[in-house]
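What follows is a short report on a single structure.
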Amino acid sequence: MFRRAFSAAAVFGFSWGGAGQKEQFVLGNEVKMPNISVIRPDVAQKNDVLVSRKVVNELDRTKLNIRLYQYETCPFCCKVRAYLDYHGFSYEIVEVNPVTRSQIKFSTDYKKVPIVRVNDEISLTESSLVVSQLATLLVLPDRTMKEVMSMYPTVEGTDDKGKAVVTHPNKYFVMMEKSLSVADMAAAREEREWREWVDSHFIHLISPNVYRSWNESLETFRWFQEVGDWHRTFPSWERCLAVYMGAAAMWGLSKRLKKRHNIDDERAAMKEACDKWIVAVGPTRKFMGGEKPNLADLALYGAMQSFYGCAAFAECCSSGPISEWYARMKSAVEKREGAYLLAARK
Ligand SMILES: N[C@@H](CCC(=O)N[C@@H](CS)C(=O)NCC(=O)O)C(=O)O
């Protein structure tokens, strides 16, 4: 049973302004206040895994029944959450145990997170693909999820080591039925290129930074335990195993990742990436998307949110223009400023 319900304002600590000057969402002909609640069930429903939280937006009438299987601090999962939250979707979160992964045993061929289940029948995987598919669903309100999925064909091939890989050549594309102006086409290209940069460059800088020493790795896992609410969702032996095994494994792996991605000084590389982003946004835009965040803004925000409690974030991202952009993003996401798009979908 769902016993504890908190308003999102209480959970996230944001406010909507003083009396009489609250922010409003215009949905079709209606002007509504966003009303988000976050429910934390204490126990699992019969024949189900424990839902760690349920985000409910009364204005989401899509009936998609979205469930996100995730690790709270996985950058790929954070990207998907940033997208869902900014657009005001209602959805459930299931925290997956990183050691046992028992919560995703229904998925026999795909063993990574995030996995997004829609109506308990469709599994969406690959964070950027998931975001493009959901974005297409919002742009084309008359299409079903299955129709949207068919717009993203898979291509089977092999990587440079001869291992079989499945790719989605158009995974950064949002499908439109109308033709775009030259300016909108340039903006869409910029958005795609920077989303790809987040996946192929920025995210690779995170592990070498947050696990760079045994102490930092352990600190990082202790923070994961805290924000992932592991105390509530996993028994103590699983928690202990996940913290110490995870910290040891990732400390070792981060050395290999550093080499693989040719990272010399991890902190300097992170600072350089943040500077590069700020230069790309430029001095006149609030976001890369202009007045509103686009999918590249949401991707980088999600990736950065995945390590905001770590020393690397404090050292590289908590001052200067990047911190100002991050604060603007945090506010836009937490206030569900993109929720107007959901209005078109019944
Ligand atoms: N390309 C995938 C990457 C997903 C991924 O690598 N997820 C990691 C967590 S950060 C994972 O599940 N690894 C397997 C594991 O932890 O067991 C995406 O964008 O969703």
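Residue numbering restarts at 1 for every chain of the structure tokens, chains are lettered A, B, ... in their displayed order, and ligands are numbered from 1 as they appear.
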Show me, as CSV, the residues of chain A having an atom within 7 Å of ligand 1, each with the closest atom pair and its distance in Å, using only C-alpha atoms and all ligand atoms.
```
residue,atom,partner,partner_atom_place_in_ligand_line,distance
A:Tyr71,CA,ligand 1,9 (C),7.0
A:Cys74,CA,ligand 1,10 (S),4.3
A:Pro75,CA,ligand 1,10 (S),6.1
A:Phe76,CA,ligand 1,19 (O),5.1
A:Pro98,CA,ligand 1,16 (O),5.6
A:Lys111,CA,ligand 1,14 (C),6.3
A:Lys112,CA,ligand 1,12 (O),3.2
A:Val113,CA,ligand 1,12 (O),4.0
A:Pro114,CA,ligand 1,20 (O),5.5
A:Thr125,CA,ligand 1,20 (O),6.1
A:Glu126,CA,ligand 1,20 (O),3.5
A:Ser127,CA,ligand 1,20 (O),3.8
A:Ser128,CA,ligand 1,19 (O),5.8
```
**OP:** List the neighbours of segment 317-328 of chain A out to 12 Å using only C-alpha atoms; skip same-chain residues closer than 3 positions along the sequence, and give me the result as a PyMOL selection string.
**Re:** chain A and resi 14+267-268+270-283+285-288+290-293+297-305+307-314+331-335+337
Subject >> Neighbour list for Arg189 of chain A as number ranges by chain, cut-off 12 Å, only C-alpha atoms, skip fewer than 3 positions in-chain >> reply: A: 172-174, 180, 182-186, 192-196, 288-289, 294-296
Residues just named, written with C-alpha atoms as a compact mmCIF listing (two decimals), in the first residue's frame:
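Result saved to again_22.txt:
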```
# COMPACT_ATOMS: atom_id res chain seq x y z
CA TYR A 172 19.33 11.23 -31.79
CA PHE A 173 16.55 12.23 -34.18
CA VAL A 174 13.12 13.44 -33.12
CA LEU A 180 11.37 22.66 -40.61
CA VAL A 182 16.40 26.46 -42.13
CA ALA A 183 16.93 27.95 -38.64
CA ASP A 184 15.00 25.13 -36.96
CA MET A 185 16.98 22.54 -38.94
CA ALA A 186 20.25 24.10 -37.77
CA ARG A 192 21.73 16.16 -31.97
CA GLU A 193 25.47 16.84 -32.09
CA TRP A 194 25.61 17.91 -28.45
CA ARG A 195 23.44 15.03 -27.26
CA GLU A 196 25.94 12.75 -28.94
CA MET A 288 21.32 25.70 -25.72
CA GLY A 289 17.64 25.52 -26.68
CA ASN A 294 16.40 21.43 -25.53
CA LEU A 295 17.27 17.71 -25.40
CA ALA A 296 21.00 18.46 -25.28
```
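Note that DSSP on the backbone gives strand (DSSP E or B) to these residues of segment 105-286 of chain A: Ile115, Val116, Arg117, Val118, Ile122, Ser123, Leu124, Thr125, Val155, Glu156, Gly157, Thr158, Ala164, Val165, Val166 and Thr167 of chain A.
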Subject >> Residues near Gly246 of chain A, cut-off 12 Å, only C-alpha atoms, skip fewer than 4 positions along chain, as an MDAnalysis selection string >> reply: chainID A and resid 97:100 211 214 217:222 224:225 238:242 250:254
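The spacing separating atom CA of Asn209 of chain A from atom CA of Ala82 of chain A amounts to 21.8 Å.
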Original post:
Where does DSSP see alpha helix (DSSP H) in segment 181-250 of chain A, if you list the residues as a VMD selection string?
Top reply: chain A and resid 182 to 197 203 to 210 214 to 227 230 to 233 236 to 250
Subject >> Within 10 Å of segment 43-56 of chain A using only C-alpha atoms, minus same-chain residues under 2 positions, as a PyMOL selection string >> reply: chain A and resi 1-8+35-41+58-60+66-69+84-85+88-96+102-104+228-230+232-234
Just-selected residues, N, CA and C atoms written as a CSV table (one decimal), in the first residue's frame:
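File written: again.csv
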```csv
chain,number,residue,atom,x,y,z
A,1,MET,N,0.8,-1.2,0.0
A,1,MET,CA,0.0,0.0,0.0
A,1,MET,C,0.9,1.3,0.0
A,2,PHE,N,0.4,2.3,-0.6
A,2,PHE,CA,1.1,3.5,-0.6
A,2,PHE,C,0.8,4.3,0.6
A,3,ARG,N,1.8,4.4,1.6
A,3,ARG,CA,1.5,5.0,2.8
A,3,ARG,C,2.0,6.4,3.0
A,4,ARG,N,3.1,6.6,2.3
A,4,ARG,CA,3.7,8.0,2.5
A,4,ARG,C,3.6,8.8,1.3
A,5,ALA,N,3.0,9.9,1.3
A,5,ALA,CA,2.9,10.8,0.2
A,5,ALA,C,3.5,12.1,0.6
A,6,PHE,N,4.4,12.6,-0.3
A,6,PHE,CA,4.9,14.0,-0.1
A,6,PHE,C,4.7,14.8,-1.3
A,7,SER,N,4.5,16.1,-1.1
A,7,SER,CA,4.4,16.9,-2.3
A,7,SER,C,5.8,17.1,-2.9
A,8,ALA,N,6.0,17.2,-4.2
A,8,ALA,CA,7.3,17.3,-4.8
A,8,ALA,C,8.0,18.6,-4.2
A,35,ASN,N,0.6,20.1,-10.3
A,35,ASN,CA,0.4,19.4,-9.0
A,35,ASN,C,1.1,18.1,-9.0
A,36,ILE,N,2.3,18.1,-8.6
A,36,ILE,CA,3.1,16.8,-8.6
A,36,ILE,C,3.2,16.3,-7.2
A,37,SER,N,2.9,15.0,-7.1
A,37,SER,CA,3.1,14.4,-5.8
A,37,SER,C,4.1,13.2,-5.9
A,38,VAL,N,4.8,13.0,-4.9
A,38,VAL,CA,5.8,11.8,-4.9
A,38,VAL,C,5.4,10.9,-3.8
A,39,ILE,N,5.1,9.6,-4.2
A,39,ILE,CA,4.6,8.7,-3.3
A,39,ILE,C,5.7,7.6,-3.1
A,40,ARG,N,6.0,7.3,-1.9
A,40,ARG,CA,7.0,6.2,-1.6
A,40,ARG,C,6.4,5.0,-0.9
A,41,PRO,N,6.1,4.0,-1.7
A,41,PRO,CA,5.4,2.9,-1.1
A,41,PRO,C,6.3,2.2,-0.1
A,58,GLU,N,-1.0,15.2,-12.0
A,58,GLU,CA,-2.4,15.0,-12.3
A,58,GLU,C,-2.7,15.5,-13.7
A,59,LEU,N,-1.9,16.3,-14.3
A,59,LEU,CA,-2.1,16.8,-15.7
A,59,LEU,C,-1.7,15.8,-16.8
A,60,ASP,N,-1.0,14.8,-16.4
A,60,ASP,CA,-0.5,13.8,-17.4
A,60,ASP,C,-1.7,12.8,-17.7
A,66,ILE,N,4.2,4.6,-17.3
A,66,ILE,CA,5.7,4.5,-17.5
A,66,ILE,C,6.3,4.0,-16.2
A,67,ARG,N,7.2,3.0,-16.3
A,67,ARG,CA,8.0,2.6,-15.1
A,67,ARG,C,9.4,2.6,-15.5
A,68,LEU,N,10.3,3.3,-14.7
A,68,LEU,CA,11.7,3.4,-15.0
A,68,LEU,C,12.5,2.5,-14.1
A,69,TYR,N,13.2,1.5,-14.6
A,69,TYR,CA,14.1,0.6,-13.9
A,69,TYR,C,15.4,1.3,-14.0
A,84,LEU,N,11.9,13.0,-18.3
A,84,LEU,CA,10.5,12.8,-17.8
A,84,LEU,C,10.0,13.9,-16.9
A,85,ASP,N,10.9,14.3,-16.0
A,85,ASP,CA,10.5,15.3,-15.1
A,85,ASP,C,10.3,16.7,-15.7
A,88,GLY,N,7.0,16.6,-17.2
A,88,GLY,CA,5.9,16.4,-16.3
A,88,GLY,C,5.2,15.1,-16.4
A,89,PHE,N,5.9,14.1,-16.9
A,89,PHE,CA,5.3,12.7,-17.0
A,89,PHE,C,5.0,12.2,-15.6
A,90,SER,N,4.0,11.4,-15.5
A,90,SER,CA,3.8,10.6,-14.3
A,90,SER,C,4.5,9.3,-14.5
A,91,TYR,N,5.2,8.8,-13.5
A,91,TYR,CA,6.0,7.5,-13.8
A,91,TYR,C,6.4,6.9,-12.4
A,92,GLU,N,6.7,5.6,-12.5
A,92,GLU,CA,7.1,4.9,-11.3
A,92,GLU,C,8.6,4.6,-11.5
A,93,ILE,N,9.3,4.6,-10.3
A,93,ILE,CA,10.7,4.3,-10.4
A,93,ILE,C,11.0,3.0,-9.6
A,94,VAL,N,11.7,2.1,-10.2
A,94,VAL,CA,12.1,0.9,-9.5
A,94,VAL,C,13.7,0.9,-9.4
A,95,GLU,N,14.2,1.0,-8.2
A,95,GLU,CA,15.6,1.0,-8.0
A,95,GLU,C,16.1,-0.4,-8.1
A,96,VAL,N,17.1,-0.6,-9.0
A,96,VAL,CA,17.6,-1.9,-9.3
A,96,VAL,C,18.8,-2.1,-8.4
A,102,SER,N,18.0,-8.2,-9.5
A,102,SER,CA,16.9,-9.1,-9.5
A,102,SER,C,15.6,-8.4,-10.0
A,103,GLN,N,15.6,-7.1,-9.9
A,103,GLN,CA,14.4,-6.4,-10.3
A,103,GLN,C,14.2,-6.4,-11.8
A,104,ILE,N,15.2,-6.6,-12.6
A,104,ILE,CA,15.1,-6.6,-14.1
A,104,ILE,C,15.2,-8.1,-14.6
A,228,GLY,N,20.1,6.9,-3.3
A,228,GLY,CA,19.3,5.8,-4.0
A,228,GLY,C,18.3,5.2,-3.0
A,229,ASP,N,18.3,5.7,-1.7
A,229,ASP,CA,17.4,5.2,-0.7
A,229,ASP,C,17.5,3.7,-0.5
A,230,TRP,N,18.8,3.3,-0.5
A,230,TRP,CA,19.1,1.8,-0.4
A,230,TRP,C,18.6,1.3,1.0
A,232,ARG,N,16.0,1.8,2.5
A,232,ARG,CA,14.6,1.4,2.4
A,232,ARG,C,14.3,0.3,1.4
A,233,THR,N,15.1,0.2,0.4
A,233,THR,CA,14.8,-0.7,-0.7
A,233,THR,C,15.6,-2.0,-0.7
A,234,PHE,N,16.8,-2.0,-0.1
A,234,PHE,CA,17.6,-3.3,-0.1
A,234,PHE,C,17.9,-3.7,1.4
```
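For the residues A:Lys171, A:Arg143, A:Ala343, A:Asn57, ranking by smallest atom-to-atom distance to Asp199 of chain A using only C-alpha atoms places A:Lys171 first.
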Original post:
Which of these residues is nearest to Val155 of chain A, using only C-alpha atoms: A:Thr62, A:Pro169, A:Leu129, A:Asp120?
Top reply: A:Pro169
Original post:
atom CA of His168 of chain A to atom CA of Phe202 of chain A: how many Å, to one decimal?
Top reply: 20.3 Å
